[in-house]
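Peer 1: Coordinates in structure-v3.txt, compact mmCIF, C-alpha atoms, are listed below.
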# COMPACT_ATOMS: atom_id res chain seq x y z
CA MET A 1 2.23 -8.82 -22.29
CA MET A 2 -0.06 -11.82 -22.27
CA ALA A 3 -3.85 -12.08 -22.10
CA ALA A 4 -6.15 -14.88 -21.05
CA PHE A 5 -8.85 -15.80 -23.55
CA GLY A 6 -11.54 -18.43 -23.87
CA GLY A 7 -12.19 -18.94 -20.16
CA GLY A 8 -8.48 -19.17 -19.33
CA VAL A 9 -8.00 -22.27 -21.49
CA ARG A 10 -5.43 -20.62 -23.76
CA ILE A 11 -2.96 -17.79 -23.25
CA MET A 12 -2.47 -15.48 -26.24
CA ASP A 13 0.07 -12.84 -27.05
CA ILE A 14 -1.50 -9.37 -27.00
CA GLY A 15 0.62 -8.55 -30.05
CA LEU A 16 -1.18 -11.23 -32.07
CA LEU A 17 -4.53 -9.72 -31.13
CA ARG A 18 -3.38 -6.26 -32.22
CA VAL A 19 -2.40 -7.63 -35.63
CA PHE A 20 -5.66 -9.55 -35.88
CA GLN A 21 -7.71 -6.44 -35.06
CA ALA A 22 -5.85 -4.37 -37.64
CA VAL A 23 -6.45 -6.96 -40.37
CA ALA A 24 -10.11 -7.34 -39.41
CA GLU A 25 -10.72 -3.60 -39.43
CA GLU A 26 -8.73 -2.90 -42.61
CA GLY A 27 -10.14 -5.92 -44.43
CA SER A 28 -6.74 -6.42 -46.04
CA ILE A 29 -3.38 -7.93 -45.06
CA SER A 30 -1.48 -5.27 -47.01
CA LYS A 31 -3.41 -2.33 -45.53
CA ALA A 32 -3.01 -3.76 -42.02
CA ALA A 33 0.74 -4.16 -42.59
CA GLN A 34 0.93 -0.54 -43.71
CA SER A 35 -1.01 0.76 -40.67
CA LEU A 36 1.15 -1.29 -38.30
CA SER A 37 4.42 -0.47 -40.10
CA TYR A 38 5.04 -4.20 -40.55
CA VAL A 39 6.09 -6.13 -43.64
CA GLN A 40 3.19 -8.01 -45.20
CA SER A 41 4.76 -11.42 -44.69
CA ASN A 42 5.05 -10.72 -40.95
CA VAL A 43 1.34 -9.92 -40.68
CA THR A 44 0.44 -13.05 -42.66
CA ALA A 45 2.63 -15.20 -40.40
CA ARG A 46 1.05 -13.76 -37.25
CA ILE A 47 -2.47 -14.38 -38.46
CA GLN A 48 -1.53 -17.96 -39.33
CA GLN A 49 0.03 -18.39 -35.87
CA LEU A 50 -3.15 -17.16 -34.21
CA GLU A 51 -5.33 -19.48 -36.30
CA GLN A 52 -3.07 -22.42 -35.43
CA GLU A 53 -3.26 -21.62 -31.71
CA LEU A 54 -7.07 -21.37 -31.84
CA LYS A 55 -7.33 -24.32 -34.24
CA THR A 56 -9.89 -22.49 -36.35
CA PRO A 57 -9.81 -20.19 -39.41
CA LEU A 58 -10.46 -16.53 -38.63
CA PHE A 59 -10.70 -15.21 -42.21
CA TYR A 60 -12.08 -16.31 -45.53
CA ARG A 61 -9.48 -15.68 -48.26
CA HIS A 62 -10.93 -14.76 -51.66
CA SER A 63 -10.08 -12.73 -54.76
CA ARG A 64 -11.44 -9.51 -53.30
CA GLY A 65 -9.39 -9.84 -50.11
CA ILE A 66 -10.42 -11.34 -46.79
CA THR A 67 -13.51 -11.36 -44.57
CA LEU A 68 -14.06 -12.62 -41.08
CA THR A 69 -15.42 -16.07 -40.39
CA SER A 70 -18.00 -16.43 -37.62
CA ALA A 71 -15.18 -17.43 -35.26
CA GLY A 72 -13.21 -14.39 -36.39
CA GLN A 73 -16.17 -12.10 -35.74
CA THR A 74 -16.53 -13.52 -32.22
CA LEU A 75 -12.81 -13.05 -31.56
CA LEU A 76 -12.97 -9.46 -32.85
CA GLU A 77 -15.75 -8.61 -30.40
CA TYR A 78 -13.68 -9.96 -27.52
CA THR A 79 -10.54 -8.26 -28.81
CA VAL A 80 -12.24 -4.86 -28.83
CA ARG A 81 -13.39 -5.44 -25.25
CA ILE A 82 -9.91 -6.59 -24.17
CA PHE A 83 -8.20 -3.47 -25.49
CA LYS A 84 -10.90 -1.26 -24.03
CA LEU A 85 -10.27 -2.82 -20.62
CA LEU A 86 -6.51 -2.41 -21.04
CA ASP A 87 -6.99 1.27 -21.83
CA GLU A 88 -9.22 1.70 -18.80
CA ALA A 89 -6.69 -0.11 -16.60
CA GLN A 90 -3.90 2.15 -17.83
CA GLN A 91 -5.94 5.28 -17.15
CA ALA A 92 -6.85 3.99 -13.68
CA VAL A 93 -3.22 3.64 -12.60
CA LEU A 94 -1.80 6.75 -14.25
CA ASP A 95 -0.51 9.40 -11.88
CA SER A 96 -3.03 12.19 -11.36
CA PRO A 97 -2.53 15.63 -9.81
CA VAL A 98 -5.50 14.77 -7.58
CA PRO A 99 -4.96 11.59 -5.50
CA LYS A 100 -7.65 8.94 -5.61
CA GLY A 101 -8.03 5.27 -4.88
CA SER A 102 -7.15 3.39 -1.71
CA ILE A 103 -4.08 3.51 0.55
CA MET A 104 -3.07 1.51 3.61
CA VAL A 105 -1.42 3.48 6.42
CA GLY A 106 0.20 1.94 9.48
CA SER A 107 0.60 3.28 12.99
CA ASP A 108 1.78 2.07 16.36
CA THR A 109 -0.56 2.35 19.33
CA THR A 110 0.64 5.65 20.75
CA ALA A 111 1.06 7.47 17.43
CA ALA A 112 -2.52 6.52 16.55
CA VAL A 113 -3.82 9.05 19.08
CA ARG A 114 -2.64 11.85 16.79
CA LEU A 115 -4.10 10.33 13.63
CA PRO A 116 -7.77 11.38 13.74
CA VAL A 117 -6.88 15.05 13.20
CA ILE A 118 -4.27 14.23 10.54
CA LEU A 119 -6.52 11.81 8.65
CA SER A 120 -9.50 14.15 8.88
CA ALA A 121 -7.48 16.97 7.33
CA TYR A 122 -6.24 14.64 4.59
CA ARG A 123 -9.76 13.43 3.85
CA SER A 124 -10.96 17.03 3.53
CA CYS A 125 -8.26 17.71 0.94
CA TYR A 126 -8.59 14.40 -0.94
CA PRO A 127 -12.13 13.00 -0.54
CA ASP A 128 -11.60 10.46 -3.34
CA VAL A 129 -8.92 8.62 -1.36
CA GLU A 130 -10.03 5.77 0.91
CA VAL A 131 -7.57 5.52 3.82
CA GLN A 132 -7.32 2.20 5.65
CA LEU A 133 -5.48 2.03 8.98
CA GLN A 134 -3.39 -0.82 10.35
CA ILE A 135 -2.34 -0.66 14.03
CA CYS A 136 0.55 -2.88 15.13
CA ARG A 137 3.99 -2.94 16.73
CA PRO A 138 6.81 -0.72 15.40
CA SER A 139 8.89 -3.70 14.22
CA GLU A 140 5.89 -5.05 12.29
CA LEU A 141 5.24 -1.63 10.77
CA ILE A 142 8.84 -1.30 9.59
CA ASP A 143 8.58 -4.73 7.91
CA ALA A 144 5.24 -3.71 6.35
CA VAL A 145 6.77 -0.55 4.89
CA LEU A 146 9.73 -2.50 3.50
CA GLN A 147 7.41 -5.15 2.04
CA HIS A 148 5.10 -2.42 0.59
CA THR A 149 2.02 -3.85 2.32
CA VAL A 150 1.46 -0.34 3.70
CA GLN A 151 2.22 2.89 1.85
CA GLY A 152 3.58 4.56 4.98
CA ALA A 153 3.48 4.44 8.77
CA PHE A 154 3.36 6.79 11.75
CA LEU A 155 5.83 5.92 14.51
CA ASP A 156 6.80 7.53 17.80
CA GLY A 157 10.43 8.09 16.90
CA PRO A 158 13.10 7.93 14.20
CA VAL A 159 13.83 4.72 12.32
CA GLU A 160 17.37 3.97 11.26
CA HIS A 161 17.11 2.02 8.00
CA PRO A 162 18.77 2.83 4.64
CA GLU A 163 15.64 1.93 2.64
CA ILE A 164 13.19 4.04 4.64
CA VAL A 165 12.55 7.73 4.03
CA GLN A 166 11.15 9.53 7.07
CA GLU A 167 9.76 12.96 7.82
CA LEU A 168 9.01 14.63 11.15
CA VAL A 169 5.26 15.26 11.45
CA ILE A 170 4.91 16.29 15.09
CA ASN A 171 7.57 17.08 17.69
CA GLU A 172 6.18 15.47 20.85
CA GLN A 173 7.00 16.52 24.41
CA LEU A 174 7.02 13.60 26.84
CA GLY A 175 5.60 13.67 30.34
CA LEU A 176 6.04 11.36 33.34
CA ILE A 177 2.69 10.16 34.69
CA ILE A 178 2.89 8.90 38.28
CA PRO A 179 0.24 7.82 40.81
CA ASP A 180 -0.74 10.18 43.64
CA SER A 181 0.81 7.74 46.10
CA MET A 182 4.29 8.24 44.63
CA ASP A 183 6.35 11.18 45.88
CA TYR A 184 8.25 12.50 42.88
CA GLU A 185 11.84 13.46 43.59
CA GLY A 186 13.32 13.26 40.09
CA LEU A 187 14.20 10.10 38.19
CA GLN A 188 15.25 8.46 41.46
CA SER A 189 11.56 8.18 42.26
CA ILE A 190 10.94 5.68 39.43
CA HIS A 191 14.08 3.59 40.00
CA GLY A 192 12.99 -0.06 39.94
CA GLN A 193 9.32 0.89 39.59
CA THR A 194 6.89 -0.79 37.13
CA LEU A 195 6.52 0.97 33.78
CA LEU A 196 3.05 0.85 32.22
CA MET A 197 2.96 1.12 28.42
CA LEU A 198 0.56 0.81 25.51
CA ASN A 199 3.27 -0.91 23.51
CA ALA A 200 6.31 -2.66 25.00
CA GLU A 201 8.29 -1.85 21.82
CA CYS A 202 7.48 1.87 22.11
CA LEU A 203 10.40 4.17 21.45
CA TYR A 204 9.47 6.12 24.58
CA ARG A 205 10.68 3.17 26.60
CA MET A 206 14.06 3.28 24.85
CA ARG A 207 14.37 6.98 25.67
CA LEU A 208 13.50 6.34 29.31
CA ASP A 209 16.00 3.45 29.51
CA ALA A 210 18.70 5.77 28.22
CA TRP A 211 17.83 8.53 30.72
CA LEU A 212 17.88 6.10 33.65
CA ARG A 213 21.20 4.53 32.62
CA GLU A 214 22.78 7.98 32.48
CA GLU A 215 21.77 8.41 36.13
CA GLY A 216 22.86 4.91 37.15
CA LEU A 217 19.24 3.83 37.57
CA ARG A 218 17.14 1.08 36.03
CA LEU A 219 13.58 0.20 35.13
CA GLY A 220 11.56 -2.36 37.03
CA LYS A 221 8.96 -4.54 35.35
CA VAL A 222 7.14 -3.47 32.18
CA MET A 223 3.41 -4.03 31.77
CA GLU A 224 1.69 -3.64 28.42
CA PHE A 225 -1.91 -2.47 27.97
CA GLY A 226 -4.30 -2.56 25.05
CA THR A 227 -6.10 0.68 25.87
CA MET A 228 -5.27 4.08 27.29
CA GLU A 229 -8.17 3.74 29.75
CA GLY A 230 -6.74 0.53 31.21
CA LEU A 231 -3.26 2.02 31.49
CA MET A 232 -4.43 5.17 33.25
CA ALA A 233 -6.63 3.17 35.64
CA CYS A 234 -3.57 1.19 36.71
CA VAL A 235 -1.52 4.37 37.18
CA ARG A 236 -4.27 5.76 39.42
CA ALA A 237 -4.31 2.47 41.34
CA GLY A 238 -0.62 2.86 42.10
CA ILE A 239 0.53 -0.17 40.09
CA GLY A 240 3.18 1.81 38.23
CA PHE A 241 3.99 4.89 36.21
CA ALA A 242 3.83 5.81 32.51
CA VAL A 243 5.71 7.97 30.00
CA LEU A 244 3.37 9.53 27.44
CA PRO A 245 3.19 12.58 25.17
CA ILE A 246 1.82 15.59 27.03
CA SER A 247 -0.60 16.06 24.12
CA TYR A 248 -2.58 13.07 25.46
CA PHE A 249 -3.77 15.24 28.31
CA ARG A 250 -4.38 18.46 26.37
CA ARG A 251 -7.07 17.06 24.11
Translate this file's structure into structure tokens.
Peer 2:
Amino acid sequence: MMAAFGGGVRIMDIGLLRVFQAVAEEGSISKAAQSLSYVQSNVTARIQQLEQELKTPLFYRHSRGITLTSAGQTLLEYTVRIFKLLDEAQQAVLDSPVPKGSIMVGSDTTAAVRLPVILSAYRSCYPDVEVQLQICRPSELIDAVLQHTVQGAFLDGPVEHPEIVQELVINEQLGLIIPDSMDYEGLQSIHGQTLLMLNAECLYRMRLDAWLREEGLRLGKVMEFGTMEGLMACVRAGIGFAVLPISYFRR
């Protein structure tokens, strides 16, 4: 491990600082070597290396042992602060039975409708966790999970990837939303019609494609919307139909 010191001008080995601190606190090379379980010559060599790197003496050598120079005293003060910060950093990242800190969670547009209840329940259980939400396309979310830029993501269907672990959260039931002007007579009614979606990559579209192909039918155009309100307004206007979880309309 390396540490920056002196405004980033020099990079020093943390191990040298540990030896320096032991010598400074013990006031003796031999006592420091004993406390560190090092041979005395090793401790002496490390102190000399540190003094050479800093281009200044850190100790006065005399018959009664050694004492810090003014430069040594300054370095000791910084060394104590450095190791205190390292200890604090280690404690901050240690696993705790109670989660805390910040996490980034991803979601596609349609799955996000379910999130307020889920995130509210999580926040009630773990108030020390700050949850940040990123909404984007499924393909982008999968890349984000693989690149560890998000800790997890909510998607509208299964993801087939060997490096992704997934768990079913909610089993959605899909519904076909059609305008009043369209007479529904099974899937034949939507053959060649325009599909309105919140996300063109949505897995609901893949399911619908598969259903239609099984019946020898096909989709027409696909229109993508940024909001549920805009999508539903276009369904009511007779522009097309939509496939959405029934839970959207039970809230």
Peer 1: Please provide the set of residues having any atom within 10 Å of stretch 45-50 of chain A, restricted to all atoms listed in the file, with same-chain residues fewer than 2 positions apart removed, written as a VMD selection string.
Peer 2: chain A and resid 12 to 13 15 to 17 19 to 20 23 29 40 to 43 52 to 59
Peer 1: Near A:Leu176, within 9 Å and counting all atoms listed in the file, which residues show up once chain neighbours fewer than 4 positions away are dropped, as a VMD selection string?
Peer 2: chain A and resid 241 to 246
Peer 1: With a distance cut-off of 9 Å and all atoms listed in the file, select the neighbouring residues of A:Leu208, excluding the residue or stretch itself and same-chain residues fewer than 4 positions from it, and output the selection as a PyMOL selection string.
Peer 2: chain A and resi 203-204+212-213+219+243
Peer 1: Work out how far atom CA of A:Arg137 is from atom CA of A:Met197, in Å to one decimal.
Peer 2: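 These atoms are spaced 12.4 Å apart.
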Peer 1: Rounded to one decimal, what separation in Å do you get between atom CA of A:Ala121 and atom CA of A:Met232?
Peer 2: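 Value for the atom CA of A:Ala121-atom CA of A:Met232 distance: 28.6 Å.
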Peer 1: State, in Å with one decimal place, the distance from atom CA of A:Ala22 to atom CA of A:Gln90.
Peer 2: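 If I compute the distance from atom CA of A:Ala22 to atom CA of A:Gln90, I get 20.9 Å.
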Peer 1: To box stretch 134-146 of chain A, take all atoms listed in the file, fit an axis-aligned box, add 8 Å on each side, and give centre and edge lengths in Å to one decimal, as AutoDock Vina command-line options.
Peer 2:
--center_x 3.2 --center_y -2.8 --center_z 10.1 --size_x 29.1 --size_y 20.5 --size_z 29.2
Peer 1: Which residue gives the smallest distance to A:His161 among A:Gln34, A:Ala237, A:Ser139, A:Gly106, with all atoms listed in the file counted?
Peer 2: A:Ser139
Peer 1: My list of candidates is A:Gln173, A:Ala233, A:Ser107, A:Ser247. Which is closest to A:Ala153 when distances are computed with all atoms listed in the file?
Peer 2: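 Closest to A:Ala153 of all the choices is A:Ser107.
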